[in-house]
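Okay, protein21.cif is below, mmCIF, C-alpha atoms:
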data_model
#
loop_
_atom_site.label_atom_id
_atom_site.label_comp_id
_atom_site.auth_asym_id
_atom_site.auth_seq_id
_atom_site.Cartn_x
_atom_site.Cartn_y
_atom_site.Cartn_z
CA MET A 1 0.15 47.58 27.77
CA ILE A 2 -2.04 45.56 25.39
CA ALA A 3 -3.34 42.28 26.86
CA PRO A 4 -2.53 39.15 24.79
CA PRO A 5 -5.53 37.51 23.10
CA SER A 6 -7.23 34.66 24.95
CA ILE A 7 -7.28 31.14 23.49
CA ALA A 8 -10.99 31.56 22.71
CA GLU A 9 -10.22 34.72 20.71
CA LEU A 10 -7.43 32.94 18.82
CA VAL A 11 -9.70 29.99 17.95
CA GLN A 12 -12.45 32.36 16.78
CA ALA A 13 -9.96 34.03 14.45
CA LEU A 14 -9.23 30.74 12.65
CA PRO A 15 -11.37 29.67 9.67
CA ARG A 16 -13.88 26.99 10.69
CA ARG A 17 -13.03 24.87 7.63
CA TRP A 18 -9.40 24.80 8.75
CA ILE A 19 -10.46 23.69 12.23
CA ALA A 20 -12.67 20.95 10.70
CA VAL A 21 -9.72 19.62 8.68
CA GLY A 22 -7.56 19.71 11.80
CA VAL A 23 -10.13 17.67 13.73
CA ALA A 24 -10.26 15.17 10.84
CA LEU A 25 -6.46 14.85 10.98
CA PHE A 26 -6.22 14.53 14.76
CA ALA A 27 -9.13 12.05 15.17
CA PRO A 28 -7.48 8.90 13.71
CA TRP A 29 -4.19 9.77 15.41
CA ILE A 30 -5.78 10.06 18.84
CA TRP A 31 -8.01 7.01 18.29
CA LEU A 32 -5.24 4.65 17.21
CA THR A 33 -2.55 5.89 19.60
CA LEU A 34 -4.66 5.87 22.76
CA LEU A 35 -6.46 2.59 22.03
CA ASP A 36 -3.24 0.81 21.08
CA ALA A 37 -1.50 2.08 24.22
CA ALA A 38 -4.43 0.98 26.41
CA LEU A 39 -4.52 -2.48 24.83
CA ARG A 40 -0.80 -3.05 25.21
CA ARG A 41 -0.83 -1.92 28.83
CA LYS A 42 -3.28 -4.76 29.60
CA ARG A 43 -0.79 -7.28 28.24
CA MET B 1 -7.84 8.68 0.94
CA TYR B 2 -8.80 9.34 4.54
CA ALA B 3 -9.05 6.49 7.09
CA GLY B 4 -7.13 4.29 4.64
CA HIS B 5 -3.99 6.27 5.55
CA ALA B 6 -4.51 5.43 9.23
CA ALA B 7 -5.06 1.80 8.19
CA LEU B 8 -1.69 1.80 6.43
CA ALA B 9 -0.10 3.07 9.66
CA MET B 10 -1.82 0.17 11.43
CA LEU B 11 -0.43 -2.20 8.79
CA ALA B 12 3.09 -0.85 9.40
CA LYS B 13 2.62 -1.38 13.15
CA GLY B 14 1.61 -4.99 12.49
CA ALA B 15 4.62 -5.57 10.26
CA ARG B 16 7.12 -3.71 12.48
CA PRO B 17 5.72 -3.80 16.07
CA ARG B 18 8.66 -1.82 17.45
CA LEU B 19 7.52 1.29 15.56
CA PRO B 20 5.24 3.49 17.70
CA LEU B 21 1.77 4.35 16.36
CA TRP B 22 2.05 7.94 17.65
CA LEU B 23 4.76 8.33 14.99
CA LEU B 24 3.30 6.10 12.26
CA VAL B 25 -0.07 7.86 11.99
CA PRO B 26 1.40 11.36 11.41
CA VAL B 27 3.87 9.84 8.91
CA ALA B 28 0.98 8.22 7.01
CA PHE B 29 -0.86 11.57 6.95
CA ALA B 30 2.24 13.76 6.55
CA PRO B 31 1.31 15.44 3.22
CA ASP B 32 -2.11 16.33 4.66
CA TRP B 33 -0.48 17.78 7.79
CA ILE B 34 1.87 19.86 5.62
CA GLN B 35 -1.06 21.15 3.55
CA TRP B 36 -3.01 21.93 6.73
CA VAL B 37 -0.12 23.92 8.25
CA MET B 38 0.44 25.75 4.95
CA GLU B 39 -3.26 26.64 4.83
CA ALA B 40 -2.90 28.28 8.23
CA PHE B 41 -0.35 30.63 6.69
CA GLY B 42 -2.42 31.11 3.52
CA HIS B 43 0.15 29.44 1.25
CA SER B 44 -1.46 26.08 0.44
CA ASN B 45 -0.02 24.51 -2.70
CA PRO B 46 -0.56 20.78 -3.43
CA GLU B 47 2.75 20.68 -5.33
CA TYR B 48 4.57 21.38 -2.04
CA SER B 49 2.62 18.81 -0.03
CA HIS B 50 1.18 16.12 -2.31
CA SER B 51 3.29 15.91 -5.47
CA LEU B 52 5.30 12.78 -6.16
CA LEU B 53 8.45 14.88 -5.84
CA SER B 54 7.56 16.47 -2.48
CA VAL B 55 6.31 13.16 -1.04
CA GLY B 56 9.55 11.45 -2.10
CA ALA B 57 11.62 14.22 -0.52
CA GLY B 58 9.54 14.25 2.67
CA ALA B 59 9.69 10.47 3.00
CA SER B 60 13.47 10.50 2.61
CA ILE B 61 13.95 13.29 5.18
CA VAL B 62 11.71 11.61 7.77
CA ALA B 63 13.16 8.12 7.20
CA LEU B 64 16.72 9.45 7.34
CA GLY B 65 15.91 11.30 10.57
CA TYR B 66 14.47 8.10 12.03
CA LEU B 67 17.57 6.14 10.93
CA VAL B 68 19.94 8.68 12.50
CA VAL B 69 18.04 8.65 15.82
CA THR B 70 17.37 4.89 16.13
CA ARG B 71 19.96 3.16 13.86
CA GLN B 72 17.19 0.75 12.81
CA GLY B 73 17.48 0.41 9.02
CA GLY B 74 14.48 -1.89 8.56
CA ASP B 75 12.19 0.35 10.58
CA ALA B 76 13.47 3.44 8.74
CA LEU B 77 12.62 1.73 5.44
CA ALA B 78 9.12 0.97 6.77
CA VAL B 79 8.74 4.67 7.69
CA TRP B 80 9.85 5.66 4.17
CA LEU B 81 7.41 3.23 2.53
CA LEU B 82 4.57 4.42 4.76
CA TYR B 83 5.17 8.07 3.86
CA ILE B 84 5.39 7.18 0.13
CA SER B 85 2.18 5.14 0.44
CA HIS B 86 0.30 8.43 0.91
CA TRP B 87 0.80 9.33 -2.74
CA ALA B 88 -0.11 5.83 -3.97
CA ALA B 89 -3.25 5.76 -1.82
CA ASP B 90 -4.28 9.25 -2.93
CA PHE B 91 -3.68 8.22 -6.55
CA ILE B 92 -6.51 5.71 -6.16
CA THR B 93 -8.97 8.09 -4.53
CA GLY B 94 -8.07 11.51 -5.92
CA ILE B 95 -6.16 13.45 -8.58
CA LYS B 96 -2.66 14.38 -7.43
CA PRO B 97 0.29 16.39 -8.79
CA THR B 98 3.43 14.64 -9.94
CA TRP B 99 6.22 17.26 -10.16
CA PRO B 100 6.38 21.02 -10.87
CA GLY B 101 4.76 21.52 -14.25
CA GLY B 102 3.97 17.80 -14.51
CA PRO B 103 0.60 16.15 -15.08
CA GLN B 104 -2.10 15.67 -12.44
CA VAL B 105 -2.86 11.97 -12.21
CA GLY B 106 -5.22 9.69 -10.31
CA LEU B 107 -8.20 7.38 -10.53
CA GLY B 108 -10.53 9.83 -8.75
CA LEU B 109 -12.49 7.34 -6.69
CA TYR B 110 -13.77 10.24 -4.55
CA ALA B 111 -16.24 10.84 -7.38
CA HIS B 112 -17.93 7.60 -6.28
CA PRO B 113 -18.26 7.96 -2.47
CA PHE B 114 -19.89 4.56 -1.97
CA TRP B 115 -17.07 2.70 -3.72
CA ASP B 116 -14.47 4.90 -2.03
CA CYS B 117 -15.96 3.85 1.31
CA VAL B 118 -15.97 0.17 0.28
CA VAL B 119 -12.30 0.31 -0.80
CA GLU B 120 -11.13 2.22 2.30
CA CYS B 121 -13.05 -0.10 4.63
CA ALA B 122 -11.50 -3.11 2.87
CA VAL B 123 -8.05 -1.56 3.40
CA ILE B 124 -8.89 -1.00 7.08
CA VAL B 125 -9.97 -4.63 7.60
CA ALA B 126 -6.96 -6.04 5.70
CA ALA B 127 -4.54 -3.82 7.65
CA TRP B 128 -6.22 -4.74 10.94
CA LEU B 129 -5.71 -8.46 10.24
CA VAL B 130 -1.96 -7.78 10.06
CA TYR B 131 -2.01 -5.33 13.00
CA ARG B 132 -3.75 -7.75 15.38
CA ARG B 133 -0.89 -10.21 14.93
CA SER B 134 1.24 -7.76 16.94
CA PHE B 135 -0.79 -8.78 20.02
CA GLY B 136 -0.52 -12.12 21.84
CA PRO B 137 -3.09 -14.85 21.03
CA ALA B 138 -5.16 -14.15 24.17
CA LEU B 139 -5.25 -10.38 23.69
CA ARG B 140 -6.20 -10.73 20.00
CA ARG B 141 -9.64 -11.95 21.01
CA ARG B 142 -10.34 -8.96 23.27
CA ILE B 143 -13.14 -6.67 22.15
CA GLY B 144 -10.82 -3.67 22.40
CA VAL B 145 -8.73 -5.00 19.51
CA ALA B 146 -11.88 -5.23 17.37
CA LEU B 147 -12.77 -1.62 18.30
CA VAL B 148 -9.67 -0.36 16.50
CA PRO B 149 -10.99 -0.89 12.93
CA LEU B 150 -14.56 -0.06 13.92
CA GLY B 151 -13.49 3.42 15.01
CA LEU B 152 -11.68 3.97 11.72
CA ILE B 153 -14.67 2.72 9.73
CA ALA B 154 -16.90 5.14 11.68
CA LEU B 155 -14.53 8.01 10.82
CA GLN B 156 -14.57 6.95 7.15
CA VAL B 157 -18.38 6.81 7.04
CA GLY B 158 -18.50 10.28 8.62
CA PHE B 159 -16.01 11.49 6.01
CA GLU B 160 -18.21 10.10 3.21
CA LEU B 161 -21.30 11.75 4.69
CA ILE B 162 -19.50 15.10 4.61
CA GLN B 163 -19.02 14.53 0.86
CA THR B 164 -22.79 14.46 0.22
CA PRO B 165 -23.82 17.58 -1.72
CA GLU B 166 -26.04 19.00 1.03
CA ILE B 167 -23.45 18.71 3.81
CA ARG B 168 -20.61 19.71 1.48
CA ALA B 169 -22.45 22.89 0.53
CA ALA B 170 -22.99 23.68 4.21
CA VAL B 171 -19.27 23.12 4.95
CA ARG B 172 -18.32 25.40 2.06
CA GLU B 173 -20.49 28.10 3.61
CA LEU B 174 -18.28 28.03 6.70
CA PRO B 175 -16.12 31.14 6.97
#

Structure translated into structure tokens:
Amino acid sequence: MIAPPSIAELVQALPRRWIAVGVALFAPWIWLTLLDAALRRKR
Amino acid sequence: MYAGHAALAMLAKGARPRLPLWLLVPVAFAPDWIQWVMEAFGHSNPEYSHSLLSVGAGASIVALGYLVVTRQGGDALAVWLLYISHWAADFITGIKPTWPGGPQVGLGLYAHPFWDCVVECAVIVAAWLVYRRSFGPALRRRIGVALVPLGLIALQVGFELIQTPEIRAAVRELP
């Protein structure tokens, strides 16, 4: 039986440019969502 | 446009506080997300993600889905406008497709990174002034509320730095 690839192997198989674009897309989402949620919880 | 899209999501949150930011930010970036997913499958085509036609269709599908789930017509309209705003914002900064076989149009501000940064930062500040109204008067003065636009401006500056020829060439070298 062939072992499934690890997450590290899957990430290595992806083009680095594609990962960079993904980080650029996730960054404002994470920043705004988490900060907004934290601020409103203090209310 | 980059951080400007997130700023427009912030603007929508300020105008319609009931709308969650976890939804608004992906809606504002939706054509970029579609292009990113298509790239993963090796079928990237700006006409499918960024054309006026595809953005109009995507905005209508997402807004209709929101309307069906929540029954909030005003919020669904805000979602539609936010999705559509992606094309308008990209028109200012880039060159975008219109419809299959149609012209590519845009003001191409990306060719002038400094002015692109100035415009996007101005959009961020203007949107933040609306967004902060969604907090009570006491909370508005908290430093955390001021951190929101500063983080976006930092992301935009980083984005502009990546556009410099030296760094851009290095990024292009990436496999």

List as a PyMOL selection string the protein and nucleic acid residues near segment 91-94 of chain B, meaning an atom at most 6 Å away when only C-alpha atoms are counted, but skip any in the same chain fewer than 5 places from it. chain B and resi 1+106-110

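Checking A:Ile19, A:Ala8, A:Ala3, A:Thr33 one by one against chain B, counting only C-alpha atoms, you find the shortest gap at A:Thr33.
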
Hey, could you pull the box centre and edge lengths for segment 63-67 of chain B, axis-aligned, 3 Å padding per side, all listed atoms, to one decimal in Å, as JSON?
{"center_x": 15.4, "center_y": 8.7, "center_z": 9.6, "size_x": 10.4, "size_y": 11.2, "size_z": 10.8}

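When all atoms listed in the file are used to compute distances to Trp36 of chain B, the closest of the residues A:Arg41, A:Val21, A:Leu34, A:Trp29 turns out to be A:Val21.
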
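Proximity to chain A at a cut-off of 8 Å picks out Ala3, Ala6, Leu21, Trp22, Val25, Pro26, Phe29, Asp32, Trp33, Trp36, Glu39, Ala40, Phe135, Leu139, Gly144, Val145, Val148, Gly151, Leu152, Leu155, Val171, Arg172, Leu174 and Pro175 of chain B on chain B, counting all atoms listed in the file.
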
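Distances here use all atoms listed in the file; by that measure, the residue among B:Phe159, B:Ala89, B:Ala59, B:Val125 closest to Val23 of chain A is B:Phe159.
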
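Here atom CA of Asp90 of chain B and atom CA of Phe41 of chain B stand 23.8 Å from one another.
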
Correct to one decimal, the distance atom CA of Ala15 of chain B-atom CA of Tyr2 of chain B is 20.9 Å

What separation in Å, quoted to one decimal, exists between atom CA of Trp99 of chain B and atom CA of Leu53 of chain B? 5.4 Å

All residues 8 Å or closer to segment 71-87 of chain B, all atoms listed in the file, same chain fewer than 2 positions away omitted, as a PyMOL selection string: chain B and resi 5+8-9+12+16+19+24+27-31+50-52+55-56+58-60+62-64+66-69+89-91+96

Export C-alpha atoms of the chosen residues as a PDB file, keeping the file's coordinate frame?
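Contents of out_29.pdb, as written:
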ATOM      1  CA  HIS B   5      -3.990   6.270   5.550  1.00  0.00           C
ATOM      2  CA  LEU B   8      -1.690   1.800   6.430  1.00  0.00           C
ATOM      3  CA  ALA B   9      -0.100   3.070   9.660  1.00  0.00           C
ATOM      4  CA  ALA B  12       3.090  -0.850   9.400  1.00  0.00           C
ATOM      5  CA  ARG B  16       7.120  -3.710  12.480  1.00  0.00           C
ATOM      6  CA  LEU B  19       7.520   1.290  15.560  1.00  0.00           C
ATOM      7  CA  LEU B  24       3.300   6.100  12.260  1.00  0.00           C
ATOM      8  CA  VAL B  27       3.870   9.840   8.910  1.00  0.00           C
ATOM      9  CA  ALA B  28       0.980   8.220   7.010  1.00  0.00           C
ATOM     10  CA  PHE B  29      -0.860  11.570   6.950  1.00  0.00           C
ATOM     11  CA  ALA B  30       2.240  13.760   6.550  1.00  0.00           C
ATOM     12  CA  PRO B  31       1.310  15.440   3.220  1.00  0.00           C
ATOM     13  CA  HIS B  50       1.180  16.120  -2.310  1.00  0.00           C
ATOM     14  CA  SER B  51       3.290  15.910  -5.470  1.00  0.00           C
ATOM     15  CA  LEU B  52       5.300  12.780  -6.160  1.00  0.00           C
ATOM     16  CA  VAL B  55       6.310  13.160  -1.040  1.00  0.00           C
ATOM     17  CA  GLY B  56       9.550  11.450  -2.100  1.00  0.00           C
ATOM     18  CA  GLY B  58       9.540  14.250   2.670  1.00  0.00           C
ATOM     19  CA  ALA B  59       9.690  10.470   3.000  1.00  0.00           C
ATOM     20  CA  SER B  60      13.470  10.500   2.610  1.00  0.00           C
ATOM     21  CA  VAL B  62      11.710  11.610   7.770  1.00  0.00           C
ATOM     22  CA  ALA B  63      13.160   8.120   7.200  1.00  0.00           C
ATOM     23  CA  LEU B  64      16.720   9.450   7.340  1.00  0.00           C
ATOM     24  CA  TYR B  66      14.470   8.100  12.030  1.00  0.00           C
ATOM     25  CA  LEU B  67      17.570   6.140  10.930  1.00  0.00           C
ATOM     26  CA  VAL B  68      19.940   8.680  12.500  1.00  0.00           C
ATOM     27  CA  VAL B  69      18.040   8.650  15.820  1.00  0.00           C
ATOM     28  CA  ALA B  89      -3.250   5.760  -1.820  1.00  0.00           C
ATOM     29  CA  ASP B  90      -4.280   9.250  -2.930  1.00  0.00           C
ATOM     30  CA  PHE B  91      -3.680   8.220  -6.550  1.00  0.00           C
ATOM     31  CA  LYS B  96      -2.660  14.380  -7.430  1.00  0.00           C
TER      32      LYS B  96
END

Taking (-4.2, -0.2, 6.1) in the file's coordinates, which residues come within 6 Å, counting all atoms listed in the file, written as a PyMOL selection string? chain B and resi 4+7-8+10-11+123-124+127

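Closest to Glu120 of chain B among B:Ile34, B:Ile153, B:Ile162, B:Ala170 is B:Ile153, based on all atoms listed in the file.
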
Add whatever atoms are absent from segment 15-39 of chain A to reach N, CA and C atoms, and provide the output as a CSV table (one decimal), keeping the file's coordinate frame.
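Below is the file out07.csv, written as the result:
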chain,number,residue,atom,x,y,z
A,15,PRO,N,-10.2,30.1,10.5
A,15,PRO,CA,-11.4,29.7,9.7
A,15,PRO,C,-11.9,28.3,10.2
A,16,ARG,N,-13.3,28.2,10.2
A,16,ARG,CA,-13.9,27.0,10.7
A,16,ARG,C,-13.5,25.8,9.8
A,17,ARG,N,-13.4,26.0,8.5
A,17,ARG,CA,-13.0,24.9,7.6
A,17,ARG,C,-11.7,24.3,8.0
A,18,TRP,N,-10.7,25.2,8.4
A,18,TRP,CA,-9.4,24.8,8.8
A,18,TRP,C,-9.5,24.0,10.0
A,19,ILE,N,-10.3,24.4,11.0
A,19,ILE,CA,-10.5,23.7,12.2
A,19,ILE,C,-11.1,22.3,12.0
A,20,ALA,N,-12.0,22.2,11.0
A,20,ALA,CA,-12.7,21.0,10.7
A,20,ALA,C,-11.6,20.0,10.1
A,21,VAL,N,-10.8,20.5,9.3
A,21,VAL,CA,-9.7,19.6,8.7
A,21,VAL,C,-8.8,19.2,9.8
A,22,GLY,N,-8.4,20.1,10.7
A,22,GLY,CA,-7.6,19.7,11.8
A,22,GLY,C,-8.2,18.6,12.7
A,23,VAL,N,-9.4,18.7,12.9
A,23,VAL,CA,-10.1,17.7,13.7
A,23,VAL,C,-10.1,16.3,13.0
A,24,ALA,N,-10.3,16.4,11.7
A,24,ALA,CA,-10.3,15.2,10.8
A,24,ALA,C,-8.9,14.6,10.8
A,25,LEU,N,-7.8,15.4,11.0
A,25,LEU,CA,-6.5,14.8,11.0
A,25,LEU,C,-6.1,14.3,12.4
A,26,PHE,N,-6.6,15.0,13.4
A,26,PHE,CA,-6.2,14.5,14.8
A,26,PHE,C,-7.0,13.3,15.2
A,27,ALA,N,-8.2,13.1,14.7
A,27,ALA,CA,-9.1,12.0,15.2
A,27,ALA,C,-8.5,10.6,15.0
A,28,PRO,N,-8.1,10.3,13.8
A,28,PRO,CA,-7.5,8.9,13.7
A,28,PRO,C,-6.2,8.7,14.5
A,29,TRP,N,-5.4,9.8,14.6
A,29,TRP,CA,-4.2,9.8,15.4
A,29,TRP,C,-4.5,9.5,16.9
A,30,ILE,N,-5.4,10.2,17.4
A,30,ILE,CA,-5.8,10.1,18.8
A,30,ILE,C,-6.4,8.7,19.1
A,31,TRP,N,-7.3,8.3,18.2
A,31,TRP,CA,-8.0,7.0,18.3
A,31,TRP,C,-7.0,5.8,18.3
A,32,LEU,N,-6.2,5.8,17.3
A,32,LEU,CA,-5.2,4.6,17.2
A,32,LEU,C,-4.2,4.6,18.3
A,33,THR,N,-3.6,5.8,18.6
A,33,THR,CA,-2.6,5.9,19.6
A,33,THR,C,-3.0,5.5,21.0
A,34,LEU,N,-4.2,6.1,21.4
A,34,LEU,CA,-4.7,5.9,22.8
A,34,LEU,C,-5.2,4.4,22.9
A,35,LEU,N,-5.9,3.9,21.9
A,35,LEU,CA,-6.5,2.6,22.0
A,35,LEU,C,-5.3,1.5,22.0
A,36,ASP,N,-4.4,1.7,21.2
A,36,ASP,CA,-3.2,0.8,21.1
A,36,ASP,C,-2.5,0.8,22.4
A,37,ALA,N,-2.2,2.0,23.0
A,37,ALA,CA,-1.5,2.1,24.2
A,37,ALA,C,-2.3,1.4,25.3
A,38,ALA,N,-3.6,1.6,25.4
A,38,ALA,CA,-4.4,1.0,26.4
A,38,ALA,C,-4.4,-0.5,26.3
A,39,LEU,N,-4.5,-1.0,25.1
A,39,LEU,CA,-4.5,-2.5,24.8
A,39,LEU,C,-3.2,-3.1,25.2
